[in-house]
Amino acid sequence: MPRRVSGSNASSARVARSSRSTRSSRSAQSAPQTGAGNGKGPQNANFERYTGWRMLMNPLWCYHGFRIIVVILTVFGLIMVFSSSAVTMVAAGASPWSQVLSQGMYCIVGVIVALVLMHLPYRTYRKFSQPFLMVAMVLQLLTLTPLGIEVNGNRSWVGIPGVFQLQPAEVMKLALCVWLPKAMEEAHARYKKSGDIKDAYGKPALWYVAALLCVLSGKDLGTGLIIVAIGLAGFLIGGIPLKYLGYIGGLLGLGVIVLVLTSSNRMGRILATYQECSPQDLEGVCYQAMHAKYAMASGGLFGVGIGNSREKWNYLPEAHNDFIYAIIGEETGFIGALAVLVLFLMLGWCLINVSLHTANRYVSMALVCFTVWLVGQALVNMGVVIGIFPVMGVPLPFVSAGGSSLVMCLGAAGIADSMMRAQPEIRAEVARA
């Protein structure tokens, strides 16, 4: 016969089931959550997938890595500016600290600019990019007025001697990096809608060419080449058909050839780079490039020690500026020079990696433009020092002496920081910090 359950037993069974249900509910509540309530959102779960070599793909690591690298390069630049300029300053009758103190003041200004810009939303840069470009063009055209100052044959400075000087081309690089992505984003949308390449890309192309001509009006071909690289990168990722990009690249290349052939100075520097120098040229057009190589060669593997360079004793012109990488190679050796190269490559990787993880098209393109500017210019500077490229006035970003370059590079870092935080995972992590 079936067993009958007494009332008391049935009540006990119900209580037991209720107790088990309560314990299960409490266990589920105490288990780790993937929501935002306990501070471990889905972004954290996404970060946990970056293990092993995949850590290099972690956008949050790249965000913090970018900031750390900028600080390292800037501080190292101050050290090397002092080391490479002290002798020159003493020879000029000034304090050995003169150049580095000046650079330090510009560094403080640049840091303040960066801190302000990094806290502005990226939409601000997109909104005001066109006026910013126009201001940069006006500043560049001022070099053709009595306010223009000629330095080393290039009329690329504006200001009042002894009071202040500004290199507008550095402002132009920053302006193009925030304007070109917006122009390309809008042009690509028009092209998809109409299919008319002239209607879509004609206006931004004219603005870009006008900006480039403003820079070239100061006879600064080195900076002009950097702007050409920024433009080609912007048009490429902006979706212009490759056929037309080839036309643009060909026209720009033809323009560079014309500028070289019409300048005996530029032609001489190119010939001095790629052919053997005569005894006369060793004291002329080849002098700076040869002493840069002497500095790199004498550094050996570990260098002669910071402060112990021989070439900075008025042998190597512009040792604290465009050729500071030669002093780095001499004083810190192959290891130090390689470390600087690796830092710039890592900086570029951080920017590119975050751009690949960003759905916002404007932000992604802007980060690529910043990469082409900062890393591309660094590679050109190093290439000049070791003899791959002819001598041109291109400073090493964050490192070379020069207020305009340092402030604009730190400003670019601040804007890039703001744009990197548009990436959802980075934004969520920074908001929780």
# chains A, B, ... in the order shown; residues from 1 in each chain; ligands from 1

$ residues_around --residues "Lys198 of chain A" --least-positions-apart "4" --cutoff "12 Å" --atoms "only C-alpha atoms" --output "list in words"
Ala187, His188, Arg190, Tyr191, Ser194, Gly202, Lys203, Pro204, Ala205, Leu206, Ile240, Pro241 and Tyr244 of chain A

$ residues_around --residues "segment 56-64 of chain A" --least-positions-apart "5" --cutoff "6 Å" --atoms "only C-alpha atoms" --output "MDAnalysis selection string"
chainID A and resid 350 354 426

$ residues_around --residues "Ser98 of chain A" --least-positions-apart "6" --cutoff "12 Å" --atoms "only C-alpha atoms" --output "PyMOL selection string"
chain A and resi 81-92+104-105+401

$ residues_around --residues "segment 279-286 of chain A" --least-positions-apart "3" --cutoff "12 Å" --atoms "only C-alpha atoms" --output "JSON list (two decimals) with C-alpha atoms, in the first residue's frame"
[["chain", "number", "residue", "atom", "x", "y", "z"],
["A", 264, "SER", "CA", 71.06, 73.87, -55.90],
["A", 265, "ASN", "CA", 71.22, 73.52, -52.11],
["A", 266, "ARG", "CA", 68.67, 70.67, -52.01],
["A", 267, "MET", "CA", 70.25, 68.99, -55.01],
["A", 268, "GLY", "CA", 73.68, 69.20, -53.42],
["A", 269, "ARG", "CA", 72.47, 67.60, -50.19],
["A", 270, "ILE", "CA", 70.85, 64.74, -52.09],
["A", 271, "LEU", "CA", 74.00, 64.10, -54.14],
["A", 272, "ALA", "CA", 76.11, 64.30, -50.98],
["A", 273, "THR", "CA", 73.97, 61.57, -49.40],
["A", 274, "TYR", "CA", 74.04, 59.05, -52.21],
["A", 275, "GLN", "CA", 77.49, 59.54, -53.71],
["A", 276, "GLU", "CA", 81.03, 59.85, -52.39],
["A", 289, "ALA", "CA", 76.05, 64.43, -42.35],
["A", 290, "MET", "CA", 79.59, 63.08, -41.98],
["A", 291, "HIS", "CA", 79.94, 64.26, -38.38],
["A", 292, "ALA", "CA", 76.57, 62.71, -37.56],
["A", 293, "LYS", "CA", 77.94, 59.39, -38.78],
["A", 315, "TYR", "CA", 81.92, 69.75, -34.55],
["A", 316, "LEU", "CA", 78.32, 68.72, -35.26],
["A", 317, "PRO", "CA", 76.02, 71.67, -36.09],
["A", 387, "GLY", "CA", 72.58, 58.62, -43.90],
["A", 390, "PRO", "CA", 69.49, 63.67, -47.26],
["A", 391, "VAL", "CA", 69.81, 66.37, -44.63],
["A", 392, "MET", "CA", 66.52, 68.14, -43.99]]

$ closest_residue --among "A:Val368, A:Ala319, A:Val256, A:Cys177" --to "Arg126 of chain A" --atoms "only C-alpha atoms"
A:Cys177

$ atom_distance --atom1 "atom CA of Met296 of chain A" --atom2 "atom CA of Ile335 of chain A"
11.4 Å

$ closest_residue --among "A:Leu221, A:Gly307, A:Ala210, A:Leu232" --to "Ile257 of chain A" --atoms "only C-alpha atoms"
A:Leu221

$ atom_distance --atom1 "atom CA of Gln103 of chain A" --atom2 "atom CA of Gly402 of chain A"
6.8 Å

$ residues_around --residues "Lys182 of chain A" --least-positions-apart "3" --cutoff "9 Å" --atoms "only C-alpha atoms" --output "VMD selection string"
chain A and resid 126 to 127 129 to 130 178 to 179 185 to 187 361 to 362 365 to 366
